[in-house]
Amino acid sequence: MRTLFLAAPLALALSTAALAQSDKGVALPPLPSVGVPEGGRPSDYLRAAQSALASGHAGEAQSALEMAQTRMLDRSVPLGQTDNPSDNPTVVQISQARQALAARDRATCMQLIQAAITSATAQGL
C-alpha cells in the first residue's frame, strides 16, 4: 500500500514533464527582455519593437510586440461579454506586424509597427 502512495506522485511528475516538452522534445529559450520599464504603455513597447527590429534583433522585437499587444488587450468589458474579441485597430496592426515578423518580412513589419505607434499614440496609449 505504501509503494502505491509513493509511486503515484512519481508517475504524475513524469507525465507532467512529458507534457511540458514540445513535439520534437526541444525546449525553446525565452524571448529576450525588451528594456521597457514594468507598466510601460503599448506605444513604449511598440517603439522598443521598432528599435529592436531596426537593429536586427528579431527576438527582442517579437517580445516587444507581444507585450504591446498584451497591454492593448488589457481592457474593461461588460460582464457576459468577455469572450468578444477586441475590435481595436491597433491590436489588428500588432497582429499583422507579428505575422510579418514571423514571415521575415522586415519592411512590412516596420510599416505596421509605425502604423500601430500612430494609432496607439492617438488613443493616448
# chains A, B, ... in the order shown; residues from 1 in each chain; ligands from 1
>>> residues_around(residues="Gln69 (chain A)", least_positions_apart="4", cutoff="12 Å", atoms="only C-alpha atoms", output="PyMOL selection string")
chain A and resi 41-46+49+62-65+73-75+86+88-98+113+116-117+120+125
>>> closest_residue(among="A:Leu79, A:Ala102, A:Val36, A:Leu53", to="Gln114 (chain A)", atoms="only C-alpha atoms")
A:Leu53
